[in-house]
$ cat my_file_8.csv   # CSV, C-alpha atoms
chain,number,residue,atom,x,y,z
W,1,MET,CA,-5.5,0.5,21.2
W,2,ASN,CA,-2.4,2.6,21.3
W,3,THR,CA,-1.2,5.2,23.8
W,4,ARG,CA,1.1,8.1,23.1
W,5,ILE,CA,3.5,8.6,25.9
W,6,PRO,CA,4.3,12.2,26.9
W,7,LEU,CA,7.7,13.4,25.6
W,8,ALA,CA,8.9,14.4,29.0
W,9,ARG,CA,8.1,10.9,30.4
W,10,LEU,CA,9.8,9.2,27.4
W,11,THR,CA,12.9,11.4,27.7
W,12,THR,CA,13.2,10.7,31.5
W,13,ALA,CA,12.9,6.9,30.9
W,14,VAL,CA,15.7,7.0,28.2
W,15,ALA,CA,18.0,9.1,30.4
W,16,LEU,CA,17.5,6.7,33.4
W,17,ALA,CA,18.2,3.7,31.1
W,18,MET,CA,21.4,5.3,29.8
W,19,ALA,CA,22.6,6.2,33.3
W,20,THR,CA,22.0,2.7,34.6
W,21,THR,CA,24.0,1.2,31.7
W,22,ALA,CA,26.8,3.7,32.1
W,23,ILE,CA,27.5,2.9,35.8
W,24,GLY,CA,27.0,-0.8,35.3
W,25,ILE,CA,24.0,-1.3,37.7
W,26,PRO,CA,22.0,-4.4,36.7
W,27,ALA,CA,18.4,-4.0,35.9
W,28,ALA,CA,16.1,-4.6,38.9
W,29,HIS,CA,14.3,-7.9,39.1
W,30,GLY,CA,10.7,-8.1,40.1
W,31,ALA,CA,10.1,-4.4,39.5
W,32,ALA,CA,6.5,-3.2,39.6
W,33,ALA,CA,4.7,-3.5,36.3
W,34,GLU,CA,3.6,-0.4,34.4
W,35,PRO,CA,0.2,0.7,35.5
W,36,ALA,CA,-2.6,-0.1,33.1
W,37,ASP,CA,-3.7,2.6,30.8
W,38,PRO,CA,-6.7,4.4,32.4
W,39,PHE,CA,-8.7,4.3,29.1
W,40,LYS,CA,-9.1,2.0,26.1
W,41,VAL,CA,-10.4,3.1,22.7
W,42,THR,CA,-11.7,0.7,20.1
W,43,LEU,CA,-12.6,1.4,16.4
W,44,SER,CA,-14.0,-0.8,13.7
W,45,SER,CA,-15.3,-0.4,10.2
W,46,SER,CA,-18.4,-2.1,8.7
W,47,ALA,CA,-16.4,-3.2,5.7
W,48,ALA,CA,-12.8,-4.3,5.3
W,49,THR,CA,-12.8,-3.5,1.6
W,50,THR,CA,-14.5,-1.0,-0.7
W,51,ASP,CA,-14.8,-0.7,-4.5
W,52,PHE,CA,-15.8,1.8,-7.2
W,53,SER,CA,-19.5,1.5,-6.5
W,54,HIS,CA,-19.4,1.0,-2.7
W,55,ARG,CA,-17.2,3.7,-1.2
W,56,THR,CA,-18.8,4.3,2.2
W,57,VAL,CA,-18.4,2.6,5.6
W,58,ASP,CA,-19.9,2.9,9.0
W,59,LEU,CA,-17.5,3.5,11.9
W,60,THR,CA,-18.2,2.3,15.4
W,61,GLY,CA,-16.2,2.2,18.6
W,62,THR,CA,-16.1,2.5,22.3
W,63,VAL,CA,-14.2,4.3,25.1
W,64,THR,CA,-13.9,2.4,28.4
W,65,ARG,CA,-11.9,2.8,31.6
W,66,ALA,CA,-9.2,0.4,32.8
W,67,ASP,CA,-11.8,-1.6,34.8
W,68,GLY,CA,-14.0,-2.0,31.7
W,69,THR,CA,-16.7,0.5,32.7
W,70,PRO,CA,-17.9,2.8,29.9
W,71,ALA,CA,-16.7,6.4,29.6
W,72,ALA,CA,-19.9,8.2,29.0
W,73,ASP,CA,-20.1,11.6,27.2
W,74,ALA,CA,-16.4,11.3,26.2
W,75,PRO,CA,-15.4,13.5,23.2
W,76,VAL,CA,-13.9,11.3,20.5
W,77,GLN,CA,-12.1,12.9,17.6
W,78,LEU,CA,-12.4,11.0,14.3
W,79,SER,CA,-10.0,11.5,11.4
W,80,GLU,CA,-9.3,10.0,8.0
W,81,ASN,CA,-6.1,9.5,5.9
W,82,VAL,CA,-6.0,8.6,2.2
W,83,THR,CA,-2.7,7.0,1.6
W,84,PHE,CA,-0.1,7.2,-1.1
W,85,ASP,CA,3.3,5.5,-1.6
W,86,THR,CA,6.3,7.8,-1.0
W,87,TRP,CA,8.5,8.5,-4.1
W,88,ASN,CA,12.0,7.6,-3.2
W,89,PRO,CA,14.4,6.1,-5.8
W,90,TRP,CA,17.3,5.8,-3.3
W,91,GLY,CA,16.0,3.0,-1.0
W,92,ASP,CA,13.4,2.7,1.7
W,93,PRO,CA,12.3,6.0,3.1
W,94,ILE,CA,11.8,6.6,6.8
W,95,ASP,CA,8.1,6.7,6.2
W,96,PRO,CA,7.0,4.8,3.0
W,97,THR,CA,3.5,6.4,3.1
W,98,GLU,CA,2.2,9.9,2.3
W,99,ARG,CA,-1.1,10.9,3.6
W,100,GLU,CA,-3.9,13.3,2.8
W,101,THR,CA,-5.7,14.0,6.2
W,102,ARG,CA,-9.0,15.4,7.2
W,103,SER,CA,-11.0,15.6,10.4
W,104,LEU,CA,-14.4,13.8,10.5
W,105,GLY,CA,-15.4,15.9,13.6
W,106,THR,CA,-15.9,15.1,17.2
W,107,LEU,CA,-18.5,12.7,18.6
W,108,ARG,CA,-19.5,12.1,22.2
W,109,THR,CA,-20.0,8.6,23.6
W,110,ASP,CA,-23.4,7.5,24.9
W,111,ALA,CA,-24.1,6.1,28.3
W,112,GLU,CA,-22.5,2.8,27.3
W,113,GLY,CA,-19.3,4.5,26.0
W,114,ARG,CA,-20.2,3.9,22.4
W,115,PHE,CA,-19.9,6.1,19.4
W,116,ALA,CA,-20.8,5.7,15.7
W,117,LEU,CA,-20.5,7.6,12.4
W,118,ARG,CA,-22.5,6.2,9.5
W,119,GLY,CA,-22.0,6.6,5.8
W,120,VAL,CA,-18.4,7.8,5.9
W,121,ARG,CA,-16.8,8.2,2.5
W,122,ALA,CA,-13.6,6.1,2.2
W,123,ASP,CA,-12.3,8.2,-0.6
W,124,ARG,CA,-10.5,11.4,-1.5
W,125,TRP,CA,-12.5,14.5,-0.7
W,126,GLU,CA,-10.5,17.1,-2.6
W,127,LYS,CA,-11.7,18.1,-6.1
W,128,LYS,CA,-8.2,18.9,-7.4
W,129,PRO,CA,-5.8,16.1,-8.2
W,130,SER,CA,-3.4,15.0,-5.4
W,131,LYS,CA,0.2,16.1,-5.4
W,132,PHE,CA,1.0,12.5,-4.7
W,133,LEU,CA,1.1,10.2,-7.8
W,134,ALA,CA,1.1,6.7,-6.4
W,135,PRO,CA,-2.0,5.7,-4.5
W,136,SER,CA,-1.6,2.9,-1.9
W,137,HIS,CA,-5.3,2.2,-2.2
W,138,GLU,CA,-5.9,2.1,1.5
W,139,VAL,CA,-7.9,4.5,3.7
W,140,GLU,CA,-7.0,4.8,7.4
W,141,PHE,CA,-9.4,5.9,10.1
W,142,ARG,CA,-8.5,7.0,13.7
W,143,ALA,CA,-10.6,7.6,16.8
W,144,ALA,CA,-8.8,9.6,19.6
W,145,TYR,CA,-9.8,10.5,23.1
W,146,ASP,CA,-7.9,13.0,25.1
W,147,PRO,CA,-9.1,13.1,28.8
W,148,GLY,CA,-6.6,15.8,30.0
W,149,ASP,CA,-4.6,18.7,28.8
W,150,PRO,CA,-4.9,18.9,25.0
W,151,ASP,CA,-1.4,20.2,24.8
W,152,ASP,CA,0.4,17.4,26.8
W,153,GLY,CA,0.6,15.0,23.9
W,154,HIS,CA,-1.0,12.2,26.0
W,155,PHE,CA,-4.1,10.7,24.5
W,156,PHE,CA,-5.6,7.3,23.7
W,157,PHE,CA,-6.5,6.1,20.2
W,158,ALA,CA,-7.5,3.2,17.9
W,159,ASP,CA,-7.0,2.8,14.2
W,160,THR,CA,-8.7,0.8,11.5
W,161,SER,CA,-8.1,0.7,7.8
W,162,VAL,CA,-10.1,-0.1,4.6
W,163,ALA,CA,-8.6,-1.6,1.5
W,164,VAL,CA,-9.7,0.0,-1.7
W,165,GLN,CA,-10.2,-2.3,-4.7
W,166,PRO,CA,-9.5,0.0,-7.7
W,167,VAL,CA,-10.7,-0.5,-11.3
W,168,ALA,CA,-7.7,-1.2,-13.5
W,169,GLY,CA,-6.7,1.5,-16.0
W,170,THR,CA,-4.6,1.0,-19.1
W,171,ILE,CA,-2.2,3.1,-21.1
W,172,SER,CA,-1.0,2.6,-24.7
W,173,TYR,CA,1.7,4.6,-26.4
W,174,LYS,CA,3.8,5.3,-29.5
W,175,VAL,CA,7.2,7.0,-29.4
W,176,ASP,CA,8.5,9.1,-32.3
W,177,LYS,CA,11.9,7.6,-31.9
W,178,THR,CA,13.6,4.8,-30.0
W,179,THR,CA,17.1,6.3,-30.1
W,180,VAL,CA,17.6,9.8,-28.8
W,181,HIS,CA,20.5,12.1,-28.2
W,182,PRO,CA,21.1,14.9,-25.7
W,183,GLY,CA,19.3,17.9,-26.9
W,184,ASP,CA,16.6,16.0,-28.7
W,185,THR,CA,12.9,16.2,-27.9
W,186,LEU,CA,11.1,12.9,-27.3
W,187,THR,CA,7.4,12.9,-28.2
W,188,VAL,CA,5.1,10.2,-26.9
W,189,THR,CA,1.5,9.9,-28.0
W,190,GLY,CA,-1.1,7.5,-26.7
W,191,LYS,CA,-4.3,6.8,-24.9
W,192,VAL,CA,-5.4,6.2,-21.3
W,193,ALA,CA,-8.6,4.1,-20.7
W,194,TRP,CA,-10.6,2.1,-18.2
W,195,PRO,CA,-13.8,0.1,-18.4
W,196,ALA,CA,-16.9,2.1,-19.6
W,197,GLY,CA,-19.2,3.3,-16.9
W,198,HIS,CA,-16.4,4.2,-14.5
W,199,GLY,CA,-16.1,7.9,-15.0
W,200,PRO,CA,-14.6,10.2,-17.6
W,201,VAL,CA,-10.9,10.0,-18.6
W,202,LYS,CA,-10.7,13.6,-19.6
W,203,GLY,CA,-8.1,15.5,-17.5
W,204,THR,CA,-6.2,12.3,-16.4
W,205,ARG,CA,-2.6,13.2,-15.8
W,206,VAL,CA,0.0,11.4,-18.0
W,207,LEU,CA,3.6,11.7,-16.8
W,208,LEU,CA,6.9,10.9,-18.4
W,209,ARG,CA,10.1,10.2,-16.4
W,210,THR,CA,13.4,10.3,-18.2
W,211,TYR,CA,15.8,10.4,-15.3
W,212,TYR,CA,15.7,7.9,-12.4
W,213,GLU,CA,16.2,10.4,-9.6
W,214,THR,CA,13.1,12.4,-10.6
W,215,GLU,CA,9.5,11.3,-10.2
W,216,THR,CA,8.5,13.0,-13.4
W,217,ASN,CA,10.2,15.1,-16.1
W,218,ALA,CA,7.2,16.0,-18.2
W,219,GLN,CA,3.5,15.7,-18.0
W,220,THR,CA,0.2,16.4,-19.8
W,221,THR,CA,-3.5,15.6,-19.5
W,222,ALA,CA,-5.7,13.3,-21.6
W,223,ASP,CA,-8.6,14.7,-23.7
W,224,ALA,CA,-12.2,13.4,-23.5
W,225,ASN,CA,-11.2,10.3,-25.6
W,226,GLY,CA,-8.2,9.6,-23.5
W,227,ASN,CA,-5.7,10.7,-26.1
W,228,PHE,CA,-2.5,12.5,-25.1
W,229,THR,CA,0.8,13.9,-26.3
W,230,VAL,CA,3.7,14.5,-24.0
W,231,ARG,CA,7.2,15.8,-24.8
W,232,ALA,CA,10.4,15.9,-23.0
W,233,LYS,CA,13.8,17.6,-23.7
W,234,ILE,CA,16.5,15.0,-23.4
W,235,GLY,CA,19.5,15.6,-21.2
W,236,LYS,CA,22.8,13.6,-21.2
W,237,ASP,CA,21.9,11.8,-18.0
W,238,ASP,CA,18.4,10.7,-19.2
W,239,HIS,CA,18.4,6.9,-19.4
W,240,ASP,CA,15.2,5.8,-17.6
W,241,PHE,CA,12.2,6.3,-19.8
W,242,VAL,CA,8.9,5.5,-18.0
W,243,LEU,CA,5.4,6.6,-18.9
W,244,PHE,CA,2.6,6.4,-16.4
W,245,SER,CA,-0.9,7.7,-15.7
W,246,ALA,CA,-2.3,9.2,-12.4
W,247,PRO,CA,-6.1,9.2,-12.5
W,248,LYS,CA,-7.8,11.7,-10.2
W,249,ASP,CA,-10.3,9.1,-8.9
W,250,TYR,CA,-8.7,7.2,-6.0
W,251,TYR,CA,-10.8,4.1,-7.2
W,252,ILE,CA,-9.1,4.1,-10.6
W,253,ALA,CA,-5.6,2.5,-10.8
W,254,GLY,CA,-3.0,4.2,-13.0
W,255,ALA,CA,-0.9,2.2,-15.5
W,256,THR,CA,2.8,2.2,-16.2
W,257,LYS,CA,4.9,1.4,-19.3
W,258,GLU,CA,8.7,1.3,-19.7
W,259,LEU,CA,9.5,2.8,-23.0
W,260,PRO,CA,12.0,1.2,-25.5
W,261,VAL,CA,14.1,4.3,-25.8
W,262,LYS,CA,17.9,4.6,-25.6
W,263,ASN,CA,19.9,7.7,-25.1
W,264,VAL,CA,23.1,7.7,-27.1
W,265,PRO,CA,25.7,10.5,-26.9
W,266,ARG,CA,26.4,12.1,-30.2
$ encode --input "my_file_8.csv" --output "structure tokens"
Amino acid sequence: MNTRIPLARLTTAVALAMATTAIGIPAAHGAAAEPADPFKVTLSSSAATTDFSHRTVDLTGTVTRADGTPAADAPVQLSENVTFDTWNPWGDPIDPTERETRSLGTLRTDAEGRFALRGVRADRWEKKPSKFLAPSHEVEFRAAYDPGDPDDGHFFFADTSVAVQPVAGTISYKVDKTTVHPGDTLTVTGKVAWPAGHGPVKGTRVLLRTYYETETNAQTTADANGNFTVRAKIGKDDHDFVLFSAPKDYYIAGATKELPVKNVPR
């Protein structure tokens, strides 16, 4: 269970702490403990992992008061995040995770403070490919209960996550040259694949990176047989040649290959 503290309360606490430090007043001993949160939310999933053929889970949880008694008829908002790794070649980003988020609606607890949502799809829901290219293969769920003003930022929530076990994809390639010069065009042909019976490969994005500070410099899509051709115009700073695939299906893992290409000035 987690509680979000109102911004005003947090700001006041920080200000008091700074003032105490500034005037050299020692921290009080035996101060009264923070009051217990008035509500507790729990959330659990029927499965810790999912795979290509088993993508749904049942979500269950409770809302109780501080004394353990159930909070009946409490509105609980459920939401889902499909996660991706953040692209950042310069070091650890502030948040290493990107998220696609959707609401799963609002449920009301029963007389025992319980709620349940069955058959929830732990998967992407968008038909179009994601703008993010590196799936984390983890789906997050949240249950949130706000007993007061919906605008005060003070609510109670619980999270649970499900690990996705993806099918491994592959990528093979052939480059038209292993030495390039600024101004040349590098052409890469190849094929993406994964085990039969795991959906079509047609439309799978294939991306080529030639410069380390960009996530991708050229891209194309595979045909019905998985074949592709991708081309990139070479600049003087292009020294990082990486080919990778980004399947639309969250349950298919992309593949990556470093290309044996060297950029040599003329």
$ atom_distance --input "my_file_8.csv" --atom1 "atom CA of Phe155 of chain W" --atom2 "atom CA of Val82 of chain W"
22.5 Å
$ residues_around --input "my_file_8.csv" --residues "Val57 of chain W" --least-positions-apart "3" --cutoff "12 Å" --atoms "all atoms listed in the file" --output "VMD selection string"
chain W and resid 44 to 51 54 60 80 116 to 123 139 to 141 160 to 164
$ atom_distance --input "my_file_8.csv" --atom1 "atom CA of Leu208 of chain W" --atom2 "atom CA of Asp176 of chain W"
14.1 Å
$ closest_residue --input "my_file_8.csv" --among "W:Ile234, W:Val76, W:Leu133, W:Ala193" --to "Val167 of chain W" --atoms "only C-alpha atoms"
W:Ala193
$ residues_around --input "my_file_8.csv" --residues "Gly235 of chain W" --least-positions-apart "5" --cutoff "10 Å" --atoms "only C-alpha atoms" --output "VMD selection string"
chain W and resid 180 to 185 210 to 211 263 265
$ closest_residue --input "my_file_8.csv" --among "W:Leu59, W:Val188, W:Leu78, W:Ala143" --to "Thr229 of chain W" --atoms "all atoms listed in the file"
W:Val188
$ decode --input "my_file_8.csv" --residues "segment 102-139 of chain W" --atoms "N, CA, C and O atoms" --output "CSV table (one decimal), in the first residue's frame"
chain,number,residue,atom,x,y,z
W,102,ARG,N,-3.8,2.9,-19.6
W,102,ARG,CA,-5.2,3.0,-19.9
W,102,ARG,C,-6.0,2.7,-18.6
W,102,ARG,O,-5.5,2.1,-17.7
W,103,SER,N,-7.2,3.3,-18.6
W,103,SER,CA,-8.1,3.0,-17.4
W,103,SER,C,-8.9,1.7,-17.6
W,103,SER,O,-9.3,1.4,-18.7
W,104,LEU,N,-9.0,1.0,-16.6
W,104,LEU,CA,-9.8,-0.3,-16.6
W,104,LEU,C,-11.2,0.0,-16.0
W,104,LEU,O,-11.9,-1.0,-15.8
W,105,GLY,N,-11.5,1.2,-15.6
W,105,GLY,CA,-12.8,1.6,-15.1
W,105,GLY,C,-12.8,1.6,-13.6
W,105,GLY,O,-11.7,1.5,-12.9
W,106,THR,N,-14.0,1.9,-13.0
W,106,THR,CA,-14.1,2.0,-11.6
W,106,THR,C,-15.1,0.9,-11.1
W,106,THR,O,-16.1,0.7,-11.6
W,107,LEU,N,-14.6,0.2,-10.0
W,107,LEU,CA,-15.4,-0.8,-9.4
W,107,LEU,C,-15.8,-0.3,-8.0
W,107,LEU,O,-15.1,0.6,-7.4
W,108,ARG,N,-16.8,-0.9,-7.4
W,108,ARG,CA,-17.2,-0.6,-6.0
W,108,ARG,C,-17.0,-1.8,-5.2
W,108,ARG,O,-17.4,-2.9,-5.6
W,109,THR,N,-16.5,-1.6,-4.0
W,109,THR,CA,-16.3,-2.7,-3.1
W,109,THR,C,-17.6,-3.3,-2.6
W,109,THR,O,-18.6,-2.6,-2.5
W,110,ASP,N,-17.6,-4.6,-2.2
W,110,ASP,CA,-18.8,-5.2,-1.6
W,110,ASP,C,-18.8,-4.9,-0.1
W,110,ASP,O,-18.0,-4.1,0.4
W,111,ALA,N,-19.7,-5.6,0.5
W,111,ALA,CA,-19.9,-5.4,2.0
W,111,ALA,C,-18.6,-5.7,2.8
W,111,ALA,O,-18.4,-5.2,3.9
W,112,GLU,N,-17.8,-6.6,2.2
W,112,GLU,CA,-16.5,-7.0,2.9
W,112,GLU,C,-15.3,-6.2,2.4
W,112,GLU,O,-14.2,-6.5,2.8
W,113,GLY,N,-15.6,-5.1,1.6
W,113,GLY,CA,-14.5,-4.3,1.2
W,113,GLY,C,-13.7,-4.9,0.0
W,113,GLY,O,-12.6,-4.4,-0.3
W,114,ARG,N,-14.3,-5.8,-0.6
W,114,ARG,CA,-13.5,-6.5,-1.7
W,114,ARG,C,-14.0,-6.1,-3.1
W,114,ARG,O,-15.1,-5.6,-3.3
W,115,PHE,N,-13.1,-6.2,-4.0
W,115,PHE,CA,-13.4,-5.9,-5.4
W,115,PHE,C,-12.6,-6.9,-6.3
W,115,PHE,O,-11.6,-7.5,-5.9
W,116,ALA,N,-13.1,-7.1,-7.5
W,116,ALA,CA,-12.5,-8.1,-8.4
W,116,ALA,C,-12.8,-7.7,-9.9
W,116,ALA,O,-13.9,-7.2,-10.2
W,117,LEU,N,-11.8,-8.0,-10.7
W,117,LEU,CA,-12.0,-7.8,-12.2
W,117,LEU,C,-11.4,-9.0,-12.8
W,117,LEU,O,-10.2,-9.2,-12.7
W,118,ARG,N,-12.2,-9.7,-13.5
W,118,ARG,CA,-11.8,-11.0,-14.1
W,118,ARG,C,-11.4,-10.9,-15.6
W,118,ARG,O,-12.0,-10.0,-16.3
W,119,GLY,N,-10.5,-11.7,-16.0
W,119,GLY,CA,-10.1,-11.8,-17.4
W,119,GLY,C,-9.5,-10.5,-18.0
W,119,GLY,O,-9.8,-10.1,-19.1
W,120,VAL,N,-8.7,-9.8,-17.2
W,120,VAL,CA,-8.0,-8.6,-17.7
W,120,VAL,C,-6.9,-9.0,-18.6
W,120,VAL,O,-6.0,-9.8,-18.3
W,121,ARG,N,-6.8,-8.4,-19.8
W,121,ARG,CA,-5.8,-8.6,-20.8
W,121,ARG,C,-4.5,-7.9,-20.4
W,121,ARG,O,-4.4,-6.7,-20.4
W,122,ALA,N,-3.5,-8.7,-20.0
W,122,ALA,CA,-2.2,-8.1,-19.7
W,122,ALA,C,-1.4,-7.9,-21.0
W,122,ALA,O,-0.5,-8.7,-21.3
W,123,ASP,N,-1.7,-6.9,-21.7
W,123,ASP,CA,-1.2,-6.8,-23.1
W,123,ASP,C,-1.4,-5.4,-23.6
W,123,ASP,O,-2.2,-4.6,-23.0
W,124,ARG,N,-0.8,-5.0,-24.7
W,124,ARG,CA,-1.1,-3.8,-25.4
W,124,ARG,C,-2.6,-3.8,-25.9
W,124,ARG,O,-3.0,-4.9,-26.4
W,125,TRP,N,-3.2,-2.7,-25.9
W,125,TRP,CA,-4.6,-2.6,-26.4
W,125,TRP,C,-4.7,-1.8,-27.7
W,125,TRP,O,-5.7,-1.9,-28.4
W,126,GLU,N,-3.6,-1.1,-28.0
W,126,GLU,CA,-3.6,-0.3,-29.3
W,126,GLU,C,-3.3,-1.2,-30.5
W,126,GLU,O,-2.5,-2.1,-30.4
W,127,LYS,N,-4.0,-0.9,-31.6
W,127,LYS,CA,-3.8,-1.7,-32.8
W,127,LYS,C,-2.5,-1.2,-33.6
W,127,LYS,O,-1.9,-1.9,-34.2
W,128,LYS,N,-2.2,0.1,-33.4
W,128,LYS,CA,-1.1,0.7,-34.1
W,128,LYS,C,0.2,0.3,-33.3
W,128,LYS,O,0.1,0.2,-32.0
W,129,PRO,N,1.3,0.3,-33.9
W,129,PRO,CA,2.6,0.0,-33.2
W,129,PRO,C,2.9,1.1,-32.2
W,129,PRO,O,2.5,2.2,-32.3
W,130,SER,N,3.6,0.7,-31.1
W,130,SER,CA,4.0,1.7,-30.1
W,130,SER,C,5.0,2.6,-30.6
W,130,SER,O,5.9,2.3,-31.4
W,131,LYS,N,5.0,3.9,-30.1
W,131,LYS,CA,6.1,4.8,-30.4
W,131,LYS,C,7.4,4.4,-29.7
W,131,LYS,O,8.5,4.9,-30.0
W,132,PHE,N,7.3,3.6,-28.7
W,132,PHE,CA,8.4,3.1,-27.9
W,132,PHE,C,8.9,1.8,-28.5
W,132,PHE,O,8.1,0.9,-29.0
W,133,LEU,N,10.2,1.6,-28.6
W,133,LEU,CA,10.8,0.5,-29.4
W,133,LEU,C,11.4,-0.6,-28.5
W,133,LEU,O,11.7,-1.7,-29.1
W,134,ALA,N,11.5,-0.5,-27.2
W,134,ALA,CA,12.1,-1.5,-26.4
W,134,ALA,C,11.2,-1.9,-25.3
W,134,ALA,O,11.2,-1.4,-24.1
W,135,PRO,N,10.4,-2.9,-25.5
W,135,PRO,CA,9.5,-3.4,-24.5
W,135,PRO,C,10.2,-3.9,-23.2
W,135,PRO,O,11.2,-4.6,-23.3
W,136,SER,N,9.7,-3.6,-22.0
W,136,SER,CA,10.3,-4.1,-20.8
W,136,SER,C,9.7,-5.5,-20.5
W,136,SER,O,10.2,-6.2,-19.6
W,137,HIS,N,8.6,-5.9,-21.2
W,137,HIS,CA,7.9,-7.1,-21.0
W,137,HIS,C,7.4,-7.2,-19.5
W,137,HIS,O,7.6,-8.3,-18.9
W,138,GLU,N,6.8,-6.2,-19.1
W,138,GLU,CA,6.2,-6.2,-17.8
W,138,GLU,C,4.9,-5.3,-17.8
W,138,GLU,O,4.9,-4.2,-18.4
W,139,VAL,N,3.8,-5.8,-17.3
W,139,VAL,CA,2.6,-5.0,-17.2
W,139,VAL,C,2.2,-4.7,-15.8
W,139,VAL,O,2.3,-5.6,-14.9
